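Reviewing the structure listed below.
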Amino acid sequence: MTSENSYDDERIGRARVNDSPELLAYYEELAKHEAGALWTVANEIEPWYPQPKSVPVLWRYADLRPLVRKALPLVKADDAGRRVVMLVNPGRRELSAAVGLLYTGLQIMGPGEAMTAHRHQASALRFVHEGAGAWTVVDGQKLKVGPRDFAITPNNTWHEHGNEAEDHPVIWQDGLDIPLVNTLDANFYEVHPELYQRPGPVTNSSLLSYGGNLLPYGAEKWTRPYSPLLGWPWEPSYHALCQLARATEGSPYDGVIMEYTNPVTGGPVMPTMAAHLQLLRPGQATRAHRHTGSVVYTAAKGRGVSVIAGQRFEWQQGDIFVVPSWAWHEHANLDQGEDACLFSFNDFPVMHSLGLYREEPYPDHDGHQPTTNP
Ligand code: GTQ
């Protein structure tokens, strides 16, 4: 792919010990004591650059939708807990991750259904794919969400959700940091003692308080590590992007991009996951870059193509695709008349807070990667 392929482990300074009968016997002896020789794994556990097991994948909504709908009569919500078809990266099956340490899945709720309340140390977010009528209750606050709205269920908040439509299901996408929290051996799970929460009297109260881009009286008392604003409806979010597109060029790598933020801190919506919405102008093709951190993208509007680690993936509204850490990627809007939008969530807050974030531009070919598939 790049010059890094010229690195090899034959160099001075890298482990290069050949096996001998004495060494093999020594390794066996160490293994009996739950010990090992570092030089047998040194090059693997200290790679030159990130070597994700995750591969780029695109899931077409047109393929998934009938499968998700099939689950509706097959399993009761009460029995399943959450009726979700998860998207599993072929390199991450043991962790149920879509990419890196991020989980995503499509959840379907039938007309009038309600899922019981629980809480866990993992954080969750939702992006609605189809159907009006969905609601969620987060720590006693009821929030209504419609198509392409974004909402959060931060770690340790009680949450339950359902669909109050009478005649159609709702399908929304869940994004969670379950693989991260499990990898850190820090997950906890509790079922609500009353099974369902008693929502407070004001629906959408976080939106009413914080949705106007002004800080309400008392906001300085908010000290939890996540956003007090729990929902971001599609229309004002898309409008904000269109306004920004009038004011600026945007990023060479992402087009016109904005982050959903915690209004009190200006930082990411949750301590482990951030979310963005980006707009590609008609015909726009961005330059390639790469960074540490994994990203799950959902096409929110229009159609386009993304090149990820040299592979082309065409997408249209509803499709979901992933970019593993340190993979080169670039996006293009395939329509000459309409803009295209991508919603995405990522683990950048983890990278930033641990001092692990790195980013670099693609050096050659006018900023574009050569592709291996047509
Ligand atoms: O709604 O809390 O897709 O706990 C997976 C695990 C959703 C949820 C998922 C969960 C949830």
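FYI, nothing fancy with the structure tokens labels: chains A, B, ... in order, residues from 1 per chain, ligands from 1 as they appear.
Close contacts of Val295 of chain A, defined as residues with an atom at most 10 Å away when counting only C-alpha atoms, with chain neighbours fewer than 6 positions off set aside, comprise A:Ala98, A:Val99, A:Gly100, A:Leu101, A:Leu102, A:Met273, A:Ala274, A:Ala275, A:Phe321, A:Val322, A:Val323, A:Pro324, A:Ser325, A:Ser344, A:Phe345, A:Asn346, A:Asp347, A:Phe348.
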Keeping all heavy atoms, export the residues of the selection given above as a short mmCIF file (atom, residue, chain, number, x, y, z; two decimals), in the first residue's frame.
```cif
data_model
loop_
_atom_site.label_atom_id
_atom_site.label_comp_id
_atom_site.auth_asym_id
_atom_site.auth_seq_id
_atom_site.Cartn_x
_atom_site.Cartn_y
_atom_site.Cartn_z
N ALA A 98 -18.46 -4.67 14.94
CA ALA A 98 -18.61 -4.31 13.52
C ALA A 98 -17.28 -3.83 12.98
O ALA A 98 -16.96 -4.03 11.81
CB ALA A 98 -19.67 -3.23 13.36
N VAL A 99 -16.53 -3.17 13.84
CA VAL A 99 -15.17 -2.70 13.50
C VAL A 99 -14.47 -2.35 14.81
O VAL A 99 -15.08 -1.79 15.71
CB VAL A 99 -15.22 -1.50 12.53
CG1 VAL A 99 -15.87 -0.27 13.18
CG2 VAL A 99 -13.84 -1.14 12.00
N GLY A 100 -13.19 -2.70 14.89
CA GLY A 100 -12.42 -2.36 16.10
C GLY A 100 -13.13 -2.85 17.34
O GLY A 100 -13.43 -4.03 17.49
N LEU A 101 -13.41 -1.93 18.26
CA LEU A 101 -14.10 -2.28 19.49
C LEU A 101 -15.49 -1.64 19.53
O LEU A 101 -16.02 -1.33 20.60
CB LEU A 101 -13.25 -1.87 20.69
CG LEU A 101 -11.91 -2.63 20.79
CD1 LEU A 101 -11.02 -2.04 21.88
CD2 LEU A 101 -12.13 -4.12 21.03
N LEU A 102 -16.08 -1.44 18.34
CA LEU A 102 -17.43 -0.87 18.24
C LEU A 102 -18.41 -1.91 17.71
O LEU A 102 -18.09 -2.68 16.81
CB LEU A 102 -17.43 0.33 17.29
CG LEU A 102 -16.57 1.53 17.70
CD1 LEU A 102 -16.52 2.57 16.58
CD2 LEU A 102 -17.10 2.15 18.99
N MET A 273 -17.59 7.48 22.84
CA MET A 273 -17.97 7.53 21.43
C MET A 273 -18.37 8.94 21.02
O MET A 273 -19.08 9.63 21.76
CB MET A 273 -19.15 6.58 21.14
CG MET A 273 -18.77 5.10 21.26
SD MET A 273 -20.11 4.01 20.73
CE MET A 273 -21.29 4.22 22.04
N ALA A 274 -17.94 9.33 19.83
CA ALA A 274 -18.33 10.61 19.24
C ALA A 274 -19.17 10.31 18.00
O ALA A 274 -19.13 9.18 17.48
CB ALA A 274 -17.10 11.43 18.86
N ALA A 275 -19.93 11.30 17.54
CA ALA A 275 -20.73 11.10 16.32
C ALA A 275 -20.65 12.35 15.46
O ALA A 275 -20.53 13.46 15.97
CB ALA A 275 -22.18 10.79 16.69
N PHE A 321 -21.28 1.13 6.48
CA PHE A 321 -19.95 0.58 6.18
C PHE A 321 -18.96 1.02 7.25
O PHE A 321 -19.24 1.94 8.02
CB PHE A 321 -19.47 0.97 4.78
CG PHE A 321 -19.34 2.45 4.52
CD1 PHE A 321 -18.14 3.11 4.73
CD2 PHE A 321 -20.42 3.19 4.06
CE1 PHE A 321 -18.01 4.47 4.49
CE2 PHE A 321 -20.31 4.55 3.81
CZ PHE A 321 -19.10 5.20 4.03
N VAL A 322 -17.84 0.30 7.31
CA VAL A 322 -16.89 0.57 8.39
C VAL A 322 -15.48 0.83 7.87
O VAL A 322 -15.06 0.26 6.86
CB VAL A 322 -16.84 -0.60 9.41
CG1 VAL A 322 -18.16 -0.71 10.15
CG2 VAL A 322 -16.48 -1.93 8.75
N VAL A 323 -14.78 1.71 8.57
CA VAL A 323 -13.39 2.02 8.28
C VAL A 323 -12.55 1.61 9.50
O VAL A 323 -12.68 2.20 10.56
CB VAL A 323 -13.20 3.52 7.98
CG1 VAL A 323 -11.72 3.86 7.82
CG2 VAL A 323 -13.97 3.92 6.72
N PRO A 324 -11.72 0.56 9.34
CA PRO A 324 -10.85 0.16 10.46
C PRO A 324 -9.79 1.22 10.75
O PRO A 324 -9.47 2.04 9.89
CB PRO A 324 -10.20 -1.13 9.95
CG PRO A 324 -11.02 -1.59 8.79
CD PRO A 324 -11.58 -0.34 8.17
N SER A 325 -9.25 1.14 11.95
CA SER A 325 -8.19 2.06 12.36
C SER A 325 -7.04 2.02 11.35
O SER A 325 -6.65 0.97 10.86
CB SER A 325 -7.69 1.64 13.75
OG SER A 325 -6.70 2.54 14.21
N SER A 344 -21.96 9.22 11.13
CA SER A 344 -20.95 8.25 11.58
C SER A 344 -20.74 8.34 13.08
O SER A 344 -21.01 9.37 13.70
CB SER A 344 -19.61 8.48 10.88
OG SER A 344 -19.12 9.77 11.15
N PHE A 345 -20.31 7.23 13.65
CA PHE A 345 -19.87 7.27 15.04
C PHE A 345 -18.53 6.54 15.15
O PHE A 345 -18.17 5.74 14.29
CB PHE A 345 -20.93 6.72 16.01
CG PHE A 345 -21.17 5.24 15.95
CD1 PHE A 345 -20.50 4.38 16.80
CD2 PHE A 345 -22.08 4.70 15.06
CE1 PHE A 345 -20.74 3.00 16.77
CE2 PHE A 345 -22.33 3.33 15.01
CZ PHE A 345 -21.65 2.48 15.87
N ASN A 346 -17.78 6.85 16.19
CA ASN A 346 -16.39 6.40 16.28
C ASN A 346 -15.93 6.34 17.72
O ASN A 346 -16.66 6.74 18.63
CB ASN A 346 -15.52 7.39 15.49
CG ASN A 346 -15.67 8.80 16.05
OD1 ASN A 346 -15.33 9.06 17.20
ND2 ASN A 346 -16.22 9.72 15.26
N ASP A 347 -14.70 5.85 17.90
CA ASP A 347 -14.11 5.78 19.24
C ASP A 347 -13.02 6.85 19.43
O ASP A 347 -12.13 6.68 20.25
CB ASP A 347 -13.55 4.37 19.51
CG ASP A 347 -12.54 3.94 18.46
OD1 ASP A 347 -12.16 4.74 17.59
OD2 ASP A 347 -12.10 2.77 18.52
N PHE A 348 -13.10 7.94 18.69
CA PHE A 348 -12.07 8.99 18.80
C PHE A 348 -11.90 9.52 20.23
O PHE A 348 -10.78 9.83 20.63
CB PHE A 348 -12.37 10.18 17.88
CG PHE A 348 -12.38 9.86 16.41
CD1 PHE A 348 -12.87 10.79 15.50
CD2 PHE A 348 -11.90 8.65 15.91
CE1 PHE A 348 -12.89 10.53 14.14
CE2 PHE A 348 -11.92 8.37 14.55
CZ PHE A 348 -12.42 9.33 13.66
#
```
Please return as a list of chain:residue names the residues found within 7 Å of ligand 1, counting only C-alpha atoms and all ligand atoms. A:Arg82, A:Val84, A:Met86, A:Thr104, A:Gly105, A:Leu106, A:Gln107, A:Ala124, A:His159, A:Asp174, A:Gly175, A:Leu176
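Residue nearest Pro199 of chain A, chosen from A:Leu143, A:Ala80, A:Leu356, A:Ala37 and counting only C-alpha atoms: A:Leu143.
Of the residues listed (A:Pro73, A:Gly211, A:Pro193, A:Pro179), A:Pro193 shows the shortest atom-to-atom separation from Arg119 of chain A; distances use only C-alpha atoms.
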Any idea what's packed within 12 Å of Leu215 of chain A, counting only C-alpha atoms, ignoring anything in its chain fewer than 5 positions away? Could you give it as a PyMOL selection string? chain A and resi 206-210+220-222+228-229+262-266
Going by DSSP on the backbone, which residues of segment 132-185 of chain A come out as strand (DSSP E)? List them as a short mmCIF file (atom, residue, chain, number, x, y, z; two decimals) with N, CA and C atoms, in the first residue's frame.
```
data_model
loop_
_atom_site.label_atom_id
_atom_site.label_comp_id
_atom_site.auth_asym_id
_atom_site.auth_seq_id
_atom_site.Cartn_x
_atom_site.Cartn_y
_atom_site.Cartn_z
N ALA A 134 -41.04 6.06 17.17
CA ALA A 134 -40.16 5.48 18.19
C ALA A 134 -39.96 6.44 19.34
N TRP A 135 -39.77 5.87 20.52
CA TRP A 135 -39.47 6.67 21.70
C TRP A 135 -38.45 5.92 22.54
N THR A 136 -37.77 6.66 23.38
CA THR A 136 -36.86 6.04 24.33
C THR A 136 -37.04 6.78 25.65
N VAL A 137 -36.84 6.09 26.75
CA VAL A 137 -36.84 6.75 28.06
C VAL A 137 -35.44 6.57 28.63
N VAL A 138 -34.75 7.69 28.87
CA VAL A 138 -33.38 7.66 29.40
C VAL A 138 -33.41 8.31 30.77
N GLN A 141 -36.47 10.26 31.35
CA GLN A 141 -36.86 11.29 30.38
C GLN A 141 -37.31 10.64 29.09
N LYS A 142 -38.53 10.92 28.67
CA LYS A 142 -39.01 10.33 27.41
C LYS A 142 -38.59 11.22 26.23
N LEU A 143 -38.06 10.58 25.21
CA LEU A 143 -37.61 11.30 24.02
C LEU A 143 -38.21 10.60 22.80
N LYS A 144 -38.84 11.40 21.92
CA LYS A 144 -39.38 10.81 20.69
C LYS A 144 -38.38 10.99 19.57
N VAL A 145 -38.22 9.96 18.75
CA VAL A 145 -37.28 10.06 17.63
C VAL A 145 -37.93 9.59 16.33
N PHE A 150 -30.84 11.32 15.65
CA PHE A 150 -29.75 10.70 16.40
C PHE A 150 -30.05 10.86 17.89
N ALA A 151 -29.84 9.82 18.69
CA ALA A 151 -30.10 9.92 20.13
C ALA A 151 -29.06 9.11 20.88
N ILE A 152 -28.85 9.47 22.16
CA ILE A 152 -27.85 8.75 22.96
C ILE A 152 -28.46 8.15 24.22
N THR A 153 -27.86 7.06 24.64
CA THR A 153 -28.19 6.38 25.89
C THR A 153 -26.86 6.17 26.61
N HIS A 159 -32.48 2.69 30.52
CA HIS A 159 -33.11 2.99 29.23
C HIS A 159 -34.02 1.86 28.78
N GLU A 160 -35.07 2.28 28.14
CA GLU A 160 -36.03 1.37 27.52
C GLU A 160 -36.55 2.09 26.29
N HIS A 161 -37.17 1.37 25.40
CA HIS A 161 -37.69 2.05 24.21
C HIS A 161 -38.82 1.26 23.59
N GLY A 162 -39.47 1.91 22.65
CA GLY A 162 -40.60 1.26 22.00
C GLY A 162 -41.05 2.04 20.79
N ASN A 163 -42.18 1.59 20.27
CA ASN A 163 -42.72 2.15 19.03
C ASN A 163 -44.21 2.39 19.25
N VAL A 170 -40.67 0.15 13.43
CA VAL A 170 -39.56 1.10 13.38
C VAL A 170 -38.28 0.28 13.29
N ILE A 171 -37.36 0.72 12.43
CA ILE A 171 -36.03 0.11 12.42
C ILE A 171 -35.03 1.21 12.73
N TRP A 172 -34.26 1.00 13.78
CA TRP A 172 -33.19 1.96 14.07
C TRP A 172 -31.90 1.21 14.25
N GLN A 173 -30.81 1.95 14.11
CA GLN A 173 -29.48 1.37 14.24
C GLN A 173 -28.96 1.66 15.64
N ASP A 174 -28.49 0.64 16.32
CA ASP A 174 -27.84 0.80 17.61
C ASP A 174 -26.34 0.87 17.39
N GLY A 175 -25.67 1.73 18.13
CA GLY A 175 -24.20 1.74 18.15
C GLY A 175 -23.78 1.65 19.60
N LEU A 176 -22.95 0.70 19.95
CA LEU A 176 -22.51 0.56 21.34
C LEU A 176 -21.00 0.30 21.41
#
```
Using DSSP secondary structure from the backbone, list all helix (DSSP H, G or I) positions within segment 157-336 of chain A, as a ChimeraX atom specification. /A:178-183,205-210,219-221,234-247
Do you have, as CSV, the list of residues of segment 25-144 of chain A lying at most 6 Å from segment 302-320 of chain A, each with its nearest atom pair and that distance in Å to one decimal, counting only C-alpha atoms and ordered by chain then number?
```
residue,atom,partner,partner_atom,distance
A:Leu58,CA,A:Ile320,CA,5.8
A:Trp59,CA,A:Ile320,CA,5.2
A:Arg60,CA,A:Asp319,CA,4.7
A:Tyr61,CA,A:Asp319,CA,4.8
```
Go ahead and save the residues from that selection, with all heavy atoms, as a compact mmCIF listing (two decimals), in the first residue's frame.
```txt
# COMPACT_ATOMS: atom_id res chain seq x y z
N LEU A 58 -19.13 -3.35 3.78
CA LEU A 58 -20.34 -2.56 3.56
C LEU A 58 -21.54 -3.50 3.63
O LEU A 58 -21.51 -4.58 3.04
CB LEU A 58 -20.31 -1.85 2.20
CG LEU A 58 -21.56 -1.02 1.87
CD1 LEU A 58 -21.19 0.30 1.23
CD2 LEU A 58 -22.54 -1.77 0.97
N TRP A 59 -22.55 -3.10 4.41
CA TRP A 59 -23.79 -3.86 4.50
C TRP A 59 -24.87 -3.04 3.79
O TRP A 59 -25.13 -1.89 4.17
CB TRP A 59 -24.20 -4.06 5.96
CG TRP A 59 -23.31 -4.94 6.77
CD1 TRP A 59 -23.44 -6.29 6.94
CD2 TRP A 59 -22.16 -4.56 7.56
NE1 TRP A 59 -22.44 -6.76 7.78
CE2 TRP A 59 -21.65 -5.73 8.17
CE3 TRP A 59 -21.51 -3.33 7.81
CZ2 TRP A 59 -20.53 -5.70 9.02
CZ3 TRP A 59 -20.39 -3.31 8.63
CH2 TRP A 59 -19.92 -4.49 9.22
N ARG A 60 -25.49 -3.62 2.77
CA ARG A 60 -26.55 -2.89 2.04
C ARG A 60 -27.86 -2.98 2.81
O ARG A 60 -28.28 -4.06 3.19
CB ARG A 60 -26.75 -3.51 0.66
CG ARG A 60 -25.80 -2.99 -0.35
CD ARG A 60 -25.97 -3.66 -1.72
NE ARG A 60 -24.66 -4.00 -2.24
CZ ARG A 60 -23.74 -3.10 -2.56
NH1 ARG A 60 -24.00 -1.81 -2.47
NH2 ARG A 60 -22.56 -3.48 -2.98
N TYR A 61 -28.49 -1.83 2.97
CA TYR A 61 -29.77 -1.81 3.69
C TYR A 61 -30.81 -2.67 2.96
O TYR A 61 -31.61 -3.36 3.59
CB TYR A 61 -30.27 -0.37 3.87
CG TYR A 61 -31.39 -0.27 4.87
CD1 TYR A 61 -31.18 -0.61 6.21
CD2 TYR A 61 -32.67 0.15 4.49
CE1 TYR A 61 -32.20 -0.53 7.14
CE2 TYR A 61 -33.69 0.23 5.42
CZ TYR A 61 -33.46 -0.11 6.74
OH TYR A 61 -34.47 -0.03 7.66
```
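Using only C-alpha atoms, the shortest contact distance between Glu130 of chain A and any of A:Val17, A:Val202, A:Ala165, A:Ala97 is found at A:Ala165.
Straight-line separation from atom CA of Ala245 of chain A to atom CA of Ala285 of chain A: 15.0 Å.
Closest approach to Lys53 of chain A among A:Ala332, A:Val128, A:Ala327, A:Ala25: A:Ala327, based on only C-alpha atoms.
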